[in-house]
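Enquirer: Contents are mmCIF, C-alpha atoms; file name target_8.cif:
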```
data_model
loop_
_atom_site.label_atom_id
_atom_site.label_comp_id
_atom_site.auth_asym_id
_atom_site.auth_seq_id
_atom_site.Cartn_x
_atom_site.Cartn_y
_atom_site.Cartn_z
CA MET A 30 39.74 9.04 -10.38
CA GLY A 31 41.67 6.40 -8.45
CA ARG A 32 40.50 5.48 -4.99
CA THR A 33 39.85 9.00 -3.69
CA GLU A 34 36.95 8.89 -1.24
CA PRO A 35 34.13 11.43 -1.85
CA GLU A 36 32.73 13.50 0.99
CA SER A 37 29.78 11.11 1.31
CA SER A 38 32.16 8.24 2.02
CA ILE A 39 34.07 10.28 4.57
CA CYS A 40 30.87 11.37 6.30
CA PHE A 41 29.76 7.80 6.56
CA SER A 42 33.11 6.09 6.98
CA ARG A 43 31.97 4.85 10.35
CA ALA A 44 29.38 2.66 8.61
CA SER A 45 31.71 -0.30 8.77
CA ARG A 46 32.32 0.32 12.47
CA ILE A 47 28.63 0.17 13.31
CA VAL A 48 27.80 -2.92 11.26
CA SER A 49 28.46 -5.19 14.21
CA SER A 50 26.15 -3.15 16.44
CA VAL A 51 23.49 -3.24 13.75
CA HIS A 52 23.76 -7.04 13.60
CA GLU A 53 23.17 -7.11 17.33
CA ALA A 54 20.16 -4.82 16.86
CA ARG A 55 18.79 -7.14 14.19
CA ARG A 56 18.85 -9.98 16.66
CA ARG A 57 16.69 -7.81 18.89
CA VAL A 58 14.25 -7.06 16.08
CA LEU A 59 12.61 -10.46 16.47
CA LYS A 60 11.40 -9.31 19.88
CA LEU A 61 9.98 -6.04 18.56
CA PRO A 62 6.40 -5.68 17.25
CA ASP A 63 5.75 -5.87 13.53
CA PRO A 64 4.88 -2.24 12.68
CA LEU A 65 2.19 -3.19 10.18
CA LYS A 66 0.52 -5.78 12.42
CA PHE A 67 0.76 -3.44 15.40
CA LEU A 68 -1.35 -0.83 13.58
CA GLU A 69 -3.42 -3.12 11.36
CA PRO A 70 -6.84 -1.74 12.48
CA HIS A 71 -5.75 1.81 11.67
CA MET A 72 -4.25 0.78 8.32
CA LEU A 73 -7.51 -0.95 7.33
CA TYR A 74 -9.49 2.18 8.25
CA PHE A 75 -7.00 4.30 6.34
CA ARG A 76 -7.21 2.21 3.16
CA GLU A 77 -11.01 2.36 3.08
CA ARG A 78 -11.38 6.12 3.57
CA HIS A 79 -9.38 7.93 0.90
CA PRO A 80 -11.52 11.00 0.07
CA GLY A 81 -12.39 11.94 -3.49
CA LEU A 82 -10.59 9.42 -5.68
CA THR A 83 -11.29 8.82 -9.32
CA GLU A 84 -10.97 5.50 -11.11
CA ILE A 85 -7.39 6.24 -12.12
CA ALA A 86 -6.44 7.30 -8.61
CA ARG A 87 -7.94 4.13 -7.15
CA TYR A 88 -5.92 2.16 -9.71
CA TYR A 89 -2.80 3.10 -7.71
CA PHE A 90 -4.29 3.21 -4.23
CA LEU A 91 -5.66 -0.32 -4.45
CA ARG A 92 -2.38 -1.88 -5.62
CA PRO A 93 -0.21 -3.63 -3.01
CA SER A 94 1.87 -0.97 -1.29
CA LYS A 95 4.25 -0.66 1.62
CA GLN A 96 2.31 2.50 2.70
CA LEU A 97 5.32 3.52 4.75
CA ARG A 98 4.32 7.19 4.91
CA PRO A 99 0.98 6.72 6.70
CA LEU A 100 2.62 4.11 8.91
CA LEU A 101 5.12 6.74 10.08
CA VAL A 102 2.28 9.11 10.90
CA PHE A 103 0.48 6.49 12.98
CA LEU A 104 3.59 5.38 14.83
CA PHE A 105 4.76 8.89 15.73
CA SER A 106 1.22 9.81 16.74
CA GLN A 107 1.12 6.95 19.20
CA ALA A 108 4.72 7.53 20.32
CA THR A 109 4.10 11.21 21.24
CA ASN A 110 0.38 11.82 21.83
CA GLY A 111 0.04 13.05 25.39
CA ILE A 112 3.55 14.40 25.97
CA GLY A 113 3.25 17.68 24.05
CA ARG A 114 2.43 20.92 25.88
CA ASN A 115 -0.61 21.44 23.70
CA TRP A 116 -2.01 17.89 23.85
CA GLY A 117 -5.02 18.80 26.01
CA LEU A 118 -6.18 21.37 23.47
CA LYS A 119 -5.73 19.00 20.51
CA LYS A 120 -7.67 16.29 22.33
CA TRP A 121 -10.45 18.77 23.16
CA GLU A 122 -10.64 19.87 19.49
CA SER A 123 -11.11 16.25 18.41
CA GLU A 124 -14.08 15.80 20.77
CA CYS A 125 -15.84 19.18 20.91
CA VAL A 126 -18.47 19.91 18.23
CA GLY A 127 -17.53 23.08 16.38
CA ALA A 128 -13.84 23.04 17.33
CA GLY A 129 -12.83 21.67 13.90
CA GLY A 130 -10.91 18.57 14.88
CA SER A 131 -13.54 15.81 14.86
CA ALA A 132 -13.84 13.28 12.03
CA ASP A 133 -17.30 14.58 11.05
CA GLU A 134 -16.05 18.15 10.77
CA LEU A 135 -13.01 17.13 8.73
CA ASP A 136 -15.36 15.39 6.27
CA ARG A 137 -17.75 18.36 6.00
CA PRO A 138 -17.52 20.30 2.68
CA PHE A 139 -16.08 23.81 2.80
CA THR A 140 -19.00 25.34 0.91
CA PRO A 141 -22.77 24.74 1.11
CA PRO A 142 -23.98 21.76 -0.97
CA ASP A 143 -25.78 23.89 -3.54
CA VAL A 144 -22.55 25.59 -4.63
CA LEU A 145 -20.35 22.51 -4.44
CA ASN A 146 -21.15 21.91 -8.09
CA ASP A 147 -17.98 20.24 -9.30
CA TRP A 148 -19.41 16.95 -10.59
CA ASN A 149 -17.13 14.98 -8.34
CA PRO A 150 -18.00 11.26 -8.77
CA CYS A 151 -17.90 10.88 -4.99
CA ARG A 152 -20.01 13.94 -4.19
CA PRO A 153 -22.75 13.58 -1.56
CA ASP A 154 -26.37 13.18 -2.60
CA THR A 155 -27.14 16.61 -1.15
CA THR A 156 -25.03 18.35 -3.81
CA ALA A 157 -27.30 20.32 -6.12
CA CYS A 158 -27.59 19.14 -9.71
CA PHE A 159 -26.17 21.49 -12.31
CA ASN A 160 -28.61 24.15 -13.45
CA PRO A 161 -27.67 27.03 -15.79
CA ASP A 162 -30.07 29.33 -13.95
CA PHE A 163 -28.51 29.27 -10.50
CA ILE A 164 -30.71 30.57 -7.69
CA SER A 165 -29.05 31.37 -4.41
CA SER A 166 -30.52 29.86 -1.29
CA GLU A 167 -30.84 31.30 2.18
CA ARG A 168 -27.67 30.92 4.19
CA ARG A 169 -27.49 30.18 7.86
CA PRO A 170 -25.04 32.45 9.69
CA ARG A 171 -21.70 30.83 10.37
CA GLN A 172 -21.41 29.80 13.98
CA SER A 173 -18.40 30.90 15.96
CA PRO A 174 -16.29 28.02 17.28
CA PRO A 175 -16.52 27.38 21.02
CA GLU A 176 -13.94 28.90 23.32
CA PRO A 177 -11.30 26.33 24.23
CA PRO A 178 -10.58 25.62 27.87
CA ASP A 179 -7.25 26.62 29.36
CA LEU A 180 -5.43 23.34 28.69
CA PHE A 181 -2.14 24.66 27.30
CA GLY A 182 1.09 23.58 28.95
CA GLN A 183 -0.24 20.53 30.74
CA PRO A 184 1.48 17.41 29.36
CA ALA A 185 0.37 14.32 31.24
CA GLY A 186 2.48 11.56 29.68
CA LEU A 187 1.72 9.15 26.86
CA VAL A 188 -1.95 8.41 26.31
CA SER A 189 -2.99 4.92 27.39
CA PRO A 190 -4.40 3.12 25.51
CA PRO A 191 -2.64 4.66 22.47
CA LEU A 192 -4.77 7.09 20.48
CA ILE A 193 -4.65 8.52 16.96
CA LEU A 194 -6.55 11.80 16.47
CA PRO A 195 -8.84 12.30 13.45
CA THR A 196 -6.52 15.04 12.18
CA GLN A 197 -3.60 12.63 12.26
CA MET A 198 -5.63 10.01 10.39
CA ARG A 199 -6.46 12.64 7.76
CA LEU A 200 -2.80 13.64 7.55
CA ALA A 201 -1.88 10.02 6.74
CA GLN A 202 -4.42 10.05 3.91
CA ILE A 203 -3.09 13.36 2.58
CA LEU A 204 0.48 12.07 2.49
CA GLU A 205 -0.52 8.92 0.61
CA MET A 206 -2.53 11.03 -1.84
CA ILE A 207 0.52 13.22 -2.53
CA HIS A 208 2.64 10.08 -2.96
CA ALA A 209 0.12 8.54 -5.37
CA ALA A 210 -0.02 11.78 -7.39
CA SER A 211 3.77 11.79 -7.64
CA LEU A 212 3.71 8.19 -8.91
CA LEU A 213 1.19 9.11 -11.59
CA HIS A 214 3.34 12.03 -12.76
CA ASP A 215 6.62 10.08 -12.48
CA ASP A 216 5.29 7.27 -14.66
CA VAL A 217 4.40 9.81 -17.33
CA ILE A 218 7.83 11.48 -17.17
CA ASP A 219 9.71 8.16 -17.11
CA ARG A 220 7.41 6.53 -19.69
CA SER A 221 7.15 3.53 -17.40
CA PRO A 222 5.02 0.73 -18.91
CA LEU A 223 4.82 -1.19 -15.61
CA ARG A 224 4.27 -0.39 -11.95
CA ARG A 225 5.02 -3.34 -9.65
CA GLY A 226 4.38 -5.92 -12.32
CA VAL A 227 1.12 -4.46 -13.70
CA ALA A 228 0.42 -1.84 -16.33
CA SER A 229 1.15 1.68 -15.12
CA ALA A 230 -1.59 4.30 -15.29
CA PRO A 231 -0.15 5.95 -18.43
CA GLU A 232 -0.10 2.53 -20.09
CA ALA A 233 -3.66 1.74 -18.98
CA PHE A 234 -5.31 5.16 -19.31
CA GLY A 235 -2.93 7.33 -21.36
CA ASN A 236 -0.62 10.19 -20.41
CA LYS A 237 -3.21 12.97 -20.44
CA LEU A 238 -5.63 11.29 -18.06
CA SER A 239 -2.75 10.23 -15.81
CA VAL A 240 -1.50 13.81 -15.50
CA LEU A 241 -5.03 15.06 -14.86
CA ALA A 242 -5.60 12.35 -12.25
CA GLY A 243 -2.40 13.36 -10.44
CA ASN A 244 -3.48 17.00 -10.49
CA PHE A 245 -6.94 16.05 -9.23
CA ILE A 246 -5.49 14.13 -6.29
CA LEU A 247 -3.19 17.03 -5.39
CA GLY A 248 -6.17 19.39 -5.48
CA ARG A 249 -8.16 17.14 -3.14
CA ALA A 250 -5.17 16.72 -0.86
CA SER A 251 -4.73 20.49 -0.68
CA THR A 252 -8.38 20.96 0.27
CA ALA A 253 -8.13 18.33 2.99
CA LEU A 254 -4.88 19.90 4.20
CA ALA A 255 -6.48 23.32 4.64
CA ARG A 256 -9.19 21.78 6.81
CA LEU A 257 -6.58 20.59 9.35
CA GLY A 258 -6.35 24.18 10.55
CA ASP A 259 -2.69 24.09 11.66
CA LEU A 260 -0.56 26.68 9.86
CA GLU A 261 2.77 24.93 10.45
CA VAL A 262 1.38 21.62 9.21
CA ILE A 263 -0.07 23.31 6.13
CA GLU A 264 3.31 24.92 5.38
CA LEU A 265 5.17 21.65 5.95
CA ILE A 266 2.97 19.55 3.68
CA ALA A 267 2.69 22.24 1.01
CA SER A 268 6.49 22.42 0.87
CA ILE A 269 6.60 18.67 0.16
CA ILE A 270 4.88 19.26 -3.17
CA SER A 271 7.49 21.84 -4.17
CA ASN A 272 10.23 19.46 -2.96
CA LEU A 273 8.93 16.74 -5.28
CA VAL A 274 9.13 19.12 -8.24
CA GLU A 275 12.60 20.34 -7.23
CA GLY A 276 13.75 16.74 -6.89
CA GLU A 277 12.54 15.89 -10.38
CA ILE A 278 14.41 18.90 -11.77
CA LEU A 279 17.57 17.89 -9.90
CA GLN A 280 17.22 14.39 -11.34
CA MET A 281 17.25 15.86 -14.84
CA ARG A 282 20.34 17.99 -14.21
CA ASP A 283 23.50 16.97 -16.05
CA VAL A 284 26.55 15.79 -14.13
CA GLN A 285 29.46 17.97 -15.18
CA ILE A 286 32.64 15.98 -15.75
CA GLN A 287 35.85 18.01 -15.63
CA GLN A 288 38.45 16.82 -18.07
CA ASP A 289 41.47 17.32 -15.83
CA ALA A 290 42.62 14.32 -13.85
CA GLY A 291 43.22 14.04 -10.13
CA VAL A 292 41.56 16.60 -7.90
CA ALA A 293 39.26 17.91 -10.63
CA ALA A 294 37.94 14.43 -11.30
CA ALA A 295 37.39 13.85 -7.59
CA GLN A 296 35.55 17.17 -7.41
CA SER A 297 33.23 15.99 -10.19
CA GLY A 298 32.42 12.86 -8.20
CA LYS A 299 31.78 14.90 -5.06
CA GLU A 300 29.36 17.18 -6.91
CA ALA A 301 27.59 14.16 -8.41
CA TRP A 302 27.13 12.69 -4.91
CA THR A 303 25.79 15.99 -3.58
CA LEU A 304 23.30 16.16 -6.43
CA TYR A 305 22.24 12.55 -5.87
CA LEU A 306 21.67 12.90 -2.12
CA GLN A 307 19.83 16.20 -2.55
CA LYS A 308 17.55 14.56 -5.10
CA THR A 309 17.02 11.59 -2.80
CA TYR A 310 15.89 13.88 0.01
CA MET A 311 13.59 15.93 -2.22
CA LYS A 312 11.87 13.01 -3.96
CA THR A 313 11.67 10.48 -1.12
CA ALA A 314 12.81 11.57 2.33
CA SER A 315 11.04 14.95 2.43
CA LEU A 316 7.61 13.32 2.43
CA MET A 317 8.55 11.02 5.31
CA ALA A 318 10.42 13.61 7.38
CA LYS A 319 7.90 16.41 7.13
CA GLY A 320 4.97 14.03 7.43
CA ALA A 321 6.36 12.63 10.69
CA ARG A 322 6.99 16.12 12.06
CA ALA A 323 3.46 17.20 11.07
CA ALA A 324 1.96 14.20 12.90
CA VAL A 325 3.75 15.20 16.10
CA ALA A 326 2.64 18.83 15.69
CA LEU A 327 -1.00 17.74 15.27
CA GLY A 328 -0.63 15.83 18.55
CA GLY A 329 0.11 19.02 20.46
CA CYS A 330 3.91 19.16 20.48
CA THR A 331 4.75 22.84 20.20
CA GLU A 332 7.67 24.77 18.73
CA GLY A 333 10.81 24.22 20.76
CA GLU A 334 9.87 20.77 22.03
CA LEU A 335 12.33 18.02 21.14
CA TRP A 336 9.74 15.63 19.71
CA ARG A 337 9.22 17.57 16.46
CA GLU A 338 12.94 17.44 15.72
CA VAL A 339 13.12 13.74 16.62
CA ALA A 340 10.30 12.93 14.19
CA TYR A 341 11.82 14.96 11.37
CA ALA A 342 15.33 13.52 11.83
CA TYR A 343 13.99 9.96 11.96
CA GLY A 344 11.89 10.42 8.81
CA ARG A 345 14.76 12.06 6.95
CA ASN A 346 17.27 9.32 7.77
CA LEU A 347 14.77 6.53 7.18
CA GLY A 348 13.68 8.04 3.86
CA ILE A 349 17.22 8.26 2.53
CA ALA A 350 17.97 4.71 3.69
CA PHE A 351 14.76 3.51 2.02
CA GLN A 352 15.70 5.09 -1.32
CA LEU A 353 19.27 3.82 -1.16
CA ILE A 354 17.93 0.28 -0.78
CA ASP A 355 15.57 0.93 -3.70
CA ASP A 356 18.61 1.86 -5.77
CA VAL A 357 20.38 -1.30 -4.60
CA LEU A 358 17.39 -3.45 -5.57
CA ASP A 359 17.39 -1.87 -9.01
CA TYR A 360 20.61 -3.75 -9.73
CA ALA A 361 19.20 -7.08 -8.65
CA ALA A 362 18.49 -9.55 -11.43
CA GLY A 363 15.28 -8.71 -13.25
CA ASP A 364 12.51 -8.54 -10.65
CA ALA A 365 8.96 -9.06 -11.86
CA THR A 366 7.51 -7.38 -8.77
CA LEU A 367 9.44 -4.21 -9.59
CA GLY A 368 8.43 -4.48 -13.22
CA LYS A 369 11.92 -3.70 -14.54
CA PRO A 370 15.23 -5.44 -15.26
CA GLY A 371 18.35 -4.98 -13.20
CA GLY A 372 19.91 -1.56 -13.74
CA ALA A 373 16.73 -0.04 -15.17
CA ASP A 374 17.68 3.36 -13.72
CA LEU A 375 20.58 3.38 -16.16
CA GLN A 376 18.08 3.18 -19.01
CA LEU A 377 16.49 6.36 -17.64
CA GLY A 378 19.89 8.06 -17.62
CA LEU A 379 20.14 8.01 -13.83
CA ALA A 380 23.40 7.47 -11.94
CA THR A 381 22.38 6.28 -8.47
CA GLY A 382 24.53 5.23 -5.51
CA PRO A 383 25.88 1.96 -6.94
CA ALA A 384 26.97 3.66 -10.18
CA LEU A 385 28.58 6.59 -8.34
CA TYR A 386 30.55 4.24 -6.11
CA ALA A 387 31.53 2.18 -9.15
CA TRP A 388 32.79 5.39 -10.78
CA GLU A 389 35.43 5.65 -8.04
CA GLU A 390 36.76 2.21 -9.03
CA PHE A 391 36.29 2.56 -12.79
CA PRO A 392 36.98 6.15 -14.00
CA GLU A 393 35.70 5.26 -17.47
CA LEU A 394 32.17 5.42 -16.03
CA GLY A 395 32.49 9.22 -15.78
CA PRO A 396 31.83 10.04 -19.46
CA LEU A 397 28.93 7.56 -19.54
CA ILE A 398 27.34 9.24 -16.53
CA ALA A 399 27.87 12.69 -18.08
CA ARG A 400 25.99 11.74 -21.25
CA LYS A 401 23.31 9.88 -19.25
CA PHE A 402 24.14 6.51 -20.87
CA ALA A 403 22.64 7.78 -24.10
CA GLU A 404 24.90 6.11 -26.63
CA LYS A 405 24.49 2.58 -27.88
CA GLY A 406 25.98 0.06 -25.48
CA ASP A 407 26.35 2.57 -22.61
CA VAL A 408 23.72 0.92 -20.41
CA GLU A 409 25.14 -2.57 -20.81
CA HIS A 410 28.72 -1.38 -20.26
CA ALA A 411 27.77 0.63 -17.17
CA ARG A 412 25.77 -2.27 -15.73
CA SER A 413 28.73 -4.63 -16.10
CA LEU A 414 31.07 -2.13 -14.40
CA VAL A 415 28.69 -1.65 -11.49
CA LYS A 416 28.40 -5.40 -11.01
CA ALA A 417 32.19 -5.76 -11.14
CA SER A 418 32.61 -3.09 -8.47
CA ARG A 419 31.64 -2.86 -4.79
CA GLY A 420 29.07 -0.20 -5.66
CA VAL A 421 26.01 -2.19 -4.63
CA GLU A 422 27.62 -3.38 -1.40
CA ARG A 423 28.83 0.10 -0.45
CA THR A 424 25.43 1.63 -1.15
CA ARG A 425 23.83 -0.91 1.15
CA GLU A 426 26.39 -0.03 3.84
CA LEU A 427 25.49 3.64 3.41
CA ALA A 428 21.81 2.77 3.82
CA VAL A 429 22.65 0.88 7.01
CA ALA A 430 24.44 3.97 8.33
CA TYR A 431 21.39 6.15 7.69
CA ALA A 432 19.09 3.56 9.26
CA GLN A 433 21.35 3.43 12.30
CA GLN A 434 21.09 7.21 12.60
CA ALA A 435 17.29 6.91 12.47
CA LEU A 436 17.47 4.34 15.25
CA GLU A 437 19.64 6.60 17.40
CA VAL A 438 17.57 9.78 17.10
CA ILE A 439 14.40 8.19 18.54
CA GLN A 440 16.06 7.04 21.75
CA PRO A 441 14.78 10.10 23.72
CA LEU A 442 11.16 9.04 23.05
CA PRO A 443 9.30 7.55 26.03
CA GLU A 444 9.21 3.77 26.07
CA SER A 445 6.16 2.41 24.25
CA GLU A 446 5.10 -0.20 21.73
CA ALA A 447 5.06 2.51 19.08
CA LYS A 448 8.71 3.37 19.81
CA ASN A 449 9.59 -0.34 19.60
CA ALA A 450 7.82 -0.51 16.23
CA LEU A 451 9.80 2.52 15.00
CA GLU A 452 13.00 0.73 16.02
CA ALA A 453 11.89 -2.38 14.14
CA LEU A 454 11.09 -0.28 11.08
CA ALA A 455 14.56 1.30 11.07
CA LEU A 456 16.18 -2.13 11.30
CA ARG A 457 14.00 -3.78 8.67
CA VAL A 458 14.11 -1.10 5.99
CA THR A 459 17.61 -2.15 4.92
CA LYS A 460 16.66 -5.84 4.82
CA ARG A 461 13.75 -5.58 2.43
CA THR A 462 13.90 -7.34 -0.92
CA PHE A 463 11.09 -5.54 -2.76
#
```
Write out the structure in this file as structure tokens.
Expert:
Amino acid sequence: MGRTEPESSICFSRASRIVSSVHEARRRVLKLPDPLKFLEPHMLYFRERHPGLTEIARYYFLRPSKQLRPLLVFLFSQATNGIGRNWGLKKWESECVGAGGSADELDRPFTPPDVLNDWNPCRPDTTACFNPDFISSERRPRQSPPEPPDLFGQPAGLVSPPLILPTQMRLAQILEMIHAASLLHDDVIDRSPLRRGVASAPEAFGNKLSVLAGNFILGRASTALARLGDLEVIELIASIISNLVEGEILQMRDVQIQQDAGVAAAQSGKEAWTLYLQKTYMKTASLMAKGARAAVALGGCTEGELWREVAYAYGRNLGIAFQLIDDVLDYAAGDATLGKPGGADLQLGLATGPALYAWEEFPELGPLIARKFAEKGDVEHARSLVKASRGVERTRELAVAYAQQALEVIQPLPESEAKNALEALALRVTKRTF
């Protein structure tokens, strides 16, 4: 393949030119608030209030986690609440009984207690015990919600002190539930014995219960999502679930290697990069991008306002940078916290950024990638070629370019501590070591 640069390299060729500016930004990061410490009270509340989790679900929720997805929701909520045209209405819904946006109403079951007969371990005491001879009870007529005041189109600036609405708190929980469900299913598909140094759920509970637990969490997340009452948010978050499935299918797709040399070989590399970046968006960045946009929508930013697009673009760029660094860390020497040796993705048949860059330097990697490192010695040979190349370094540079884009797109946001924390997050995501 020679040294032909794929489209991804061309698109991000300016990565080297911005490295110096990123170094300058990193010097500024010491003055920015720590995102996790900045929102510690909200994160503690979030961790203690996951609705409807079984023992297997809690097994993942209670493990140490970066919880980046809920953090994005909280930060964008605080960075935009008050500046959207519909903020007054959203605030009113969170405070007015019957409007559907208060914490108590979000926690209320959809159906009367005597028909909520699903034997959920976390069901309320008022749920009727199972009885084969079901007798209907008298129903109270459903009350119409109160008429909202005319508060549309009256942005008043950022809320001070910063505020997170109950619907935004619930959104953060929903996103982490979807993420946990995807981990349960991924560990079954990948046959992973470990998750961050401890036994994975399939190893501890078996594949069948792990799949059922993931499905259960998705069902609960879907129920909680419907209660939010915002059609665009429901569509956004529902599409994340389909994205996760599409991403897994893309990950299983074979990379087609054309036998002709020169341009044909370069075209094969370009297609492999396209497949890899599409998969990265579907499996990782979609959840962050759409979750951030949904948080801003729940804060009253309406269609056509810039803030929705800012949130989505930031989440998309940050998510891709985050996954690229994950793929870089996979080639680090065996890391007990990750629960896998260096280059473990190769053992799963996956050609990530470092391997694709190494392919440009060592054309013999092409056939190994095409057969998903299935033959004896393929994994070891591929790992040695990646380490001999600049693949890891170039993937990190690509991650820095995406992180820099995330940093740039949030500049229109009003100045606030939350915006500063988002800047710190974009700068730190490429520096993490776990």
Enquirer: Residues within 7 Å of Arg322 of chain A, please, as an MDAnalysis selection string. Count only C-alpha atoms; anything in the same chain fewer than 6 positions from it doesn't count.
Expert: chainID A and resid 337 340:341
Enquirer: Find the residues around Ser131 of chain A up to 8 Å (all atoms listed in the file counted), leave out those fewer than 6 positions away in its own chain, and share them as a list in words.
Expert: Glu122, Ser123, Glu124, Cys125, Pro195 and Thr196 of chain A
Enquirer: Report as a list of chain:residue names all protein, DNA and RNA residues lying within 10 Å of Glu393 of chain A, evaluated on all atoms listed in the file, omitting residues in the same chain fewer than 4 positions from it.
Expert: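 Near neighbours after the sequence-gap exclusion: A:Met30, A:Ala387, A:Trp388, A:Glu389, A:Leu397, A:Ile398, A:Ala411, A:Leu414.
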Enquirer: Selection from above, C-alpha atoms, as a JSON list (two decimals), in the frame of the given file, can you write it?
Expert:
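Produced file result-v5.json, reproduced below:
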```
[["chain", "number", "residue", "atom", "x", "y", "z"],
["A", 30, "MET", "CA", 39.74, 9.04, -10.38],
["A", 387, "ALA", "CA", 31.53, 2.18, -9.15],
["A", 388, "TRP", "CA", 32.79, 5.39, -10.78],
["A", 389, "GLU", "CA", 35.43, 5.65, -8.04],
["A", 397, "LEU", "CA", 28.93, 7.56, -19.54],
["A", 398, "ILE", "CA", 27.34, 9.24, -16.53],
["A", 411, "ALA", "CA", 27.77, 0.63, -17.17],
["A", 414, "LEU", "CA", 31.07, -2.13, -14.40]]
```
Enquirer: Choose the residue, out of A:Glu332, A:Ala361, A:Gly186, A:Ala350, that has the smallest atom-to-atom separation from Glu261 of chain A; count all atoms listed in the file.
Expert: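 Answer, going by the shortest atom-to-atom distance: A:Glu332.
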Enquirer: Could you spell out the hits of the PyMOL selection byres ((chain A and resi 270-280) around 9) on the shown file, as an NGL selection string?
Expert: :A and (207 or 211 or 215 or 247 or 266-269 or 281-283 or 304-305 or 307-313 or 315-316 or 379)
Enquirer: Would you mind telling me which residue in A:Val188, A:Ala450, A:Leu100, A:Ala228 lies nearest to Leu200 of chain A when using all atoms listed in the file?
Expert: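 So, comparing all the options, the nearest one is A:Leu100.
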Enquirer: Rank nothing, just name the residue among A:Asp136, A:Asp356, A:Glu176, A:Asp216 nearest to Thr424 of chain A, using all atoms listed in the file.
Expert: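 Once distances to Thr424 of chain A are computed over all atoms listed in the file, the minimum belongs to A:Asp356.
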Enquirer: So how far away is atom CA of Gly344 of chain A from atom CA of Ala321 of chain A, in Å?
Expert: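 Taking atom CA of Ala321 of chain A and atom CA of Gly344 of chain A, their separation equals 6.2 Å.
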Enquirer: Find the residue from A:Leu213, A:Arg199, A:Ser251, A:Gly372 that sits nearest to Gly235 of chain A; use only C-alpha atoms when measuring.
Expert: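 Using only C-alpha atoms, Gly235 of chain A sits closest to A:Leu213.
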Enquirer: For the file shown, what are the residues hit by the PyMOL selection byres ((chain A and resi 325-330) around 10), laid out as number ranges by chain?
Expert: A: 102-120, 130, 181-182, 184, 192-197, 200, 257-259, 261-262, 319-324, 331-341
Enquirer: If we count all atoms listed in the file, what is near Phe391 of chain A at a cut-off of 12 Å, once residues fewer than 5 positions away on the same chain are taken out, given as a PDB file with C-alpha atoms, in the frame of the given file?
Expert:
```
ATOM      1  CA  MET A  30      39.740   9.040 -10.380  1.00  0.00           C
ATOM      2  CA  GLY A  31      41.670   6.400  -8.450  1.00  0.00           C
ATOM      3  CA  ARG A  32      40.500   5.480  -4.990  1.00  0.00           C
ATOM      4  CA  THR A  33      39.850   9.000  -3.690  1.00  0.00           C
ATOM      5  CA  GLY A 298      32.420  12.860  -8.200  1.00  0.00           C
ATOM      6  CA  PRO A 383      25.880   1.960  -6.940  1.00  0.00           C
ATOM      7  CA  ALA A 384      26.970   3.660 -10.180  1.00  0.00           C
ATOM      8  CA  LEU A 385      28.580   6.590  -8.340  1.00  0.00           C
ATOM      9  CA  TYR A 386      30.550   4.240  -6.110  1.00  0.00           C
ATOM     10  CA  PRO A 396      31.830  10.040 -19.460  1.00  0.00           C
ATOM     11  CA  LEU A 397      28.930   7.560 -19.540  1.00  0.00           C
ATOM     12  CA  ILE A 398      27.340   9.240 -16.530  1.00  0.00           C
ATOM     13  CA  HIS A 410      28.720  -1.380 -20.260  1.00  0.00           C
ATOM     14  CA  ALA A 411      27.770   0.630 -17.170  1.00  0.00           C
ATOM     15  CA  ARG A 412      25.770  -2.270 -15.730  1.00  0.00           C
ATOM     16  CA  SER A 413      28.730  -4.630 -16.100  1.00  0.00           C
ATOM     17  CA  LEU A 414      31.070  -2.130 -14.400  1.00  0.00           C
ATOM     18  CA  VAL A 415      28.690  -1.650 -11.490  1.00  0.00           C
ATOM     19  CA  LYS A 416      28.400  -5.400 -11.010  1.00  0.00           C
ATOM     20  CA  ALA A 417      32.190  -5.760 -11.140  1.00  0.00           C
ATOM     21  CA  SER A 418      32.610  -3.090  -8.470  1.00  0.00           C
ATOM     22  CA  ARG A 419      31.640  -2.860  -4.790  1.00  0.00           C
ATOM     23  CA  GLY A 420      29.070  -0.200  -5.660  1.00  0.00           C
TER      24      GLY A 420
END
```
Enquirer: What does the distance between atom CA of Val240 of chain A and atom CA of Ala210 of chain A come to in Å, to one decimal place?
Expert: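 Here the two named atoms are 8.5 Å from each other.
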Enquirer: So how far away is atom CA of Thr459 of chain A from atom CA of Ala428 of chain A, in Å?
Expert: 6.6 Å
Enquirer: Between A:Leu254, A:Ile263, A:Val284, A:Ala455, which has the minimum distance to Lys401 of chain A (counting all atoms listed in the file)?
Expert: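 Counting all atoms listed in the file, the residue closest to Lys401 of chain A is A:Val284.
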Enquirer: Show me, as a list in words, the residues that have an atom within 12 Å of Gln376 of chain A when counting only C-alpha atoms, minus same-chain residues fewer than 5 positions from it.
Expert: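 Selected residues are Asp219, Arg220, Ser221, Asp359, Tyr360, Lys369, Pro370, Gly371, Thr381, Leu397, Ile398, Arg400, Lys401, Phe402, Ala403, Glu404, Lys405, Gly406, Asp407, Val408, Glu409, His410, Ala411 and Arg412 of chain A.
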Enquirer: Which residue gives the smallest distance to Ala128 of chain A among A:Asn346, A:Gln440, A:Pro178, A:Ala430, with all atoms listed in the file counted?
Expert: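 The shortest atom-to-atom distance to Ala128 of chain A comes from A:Pro178.
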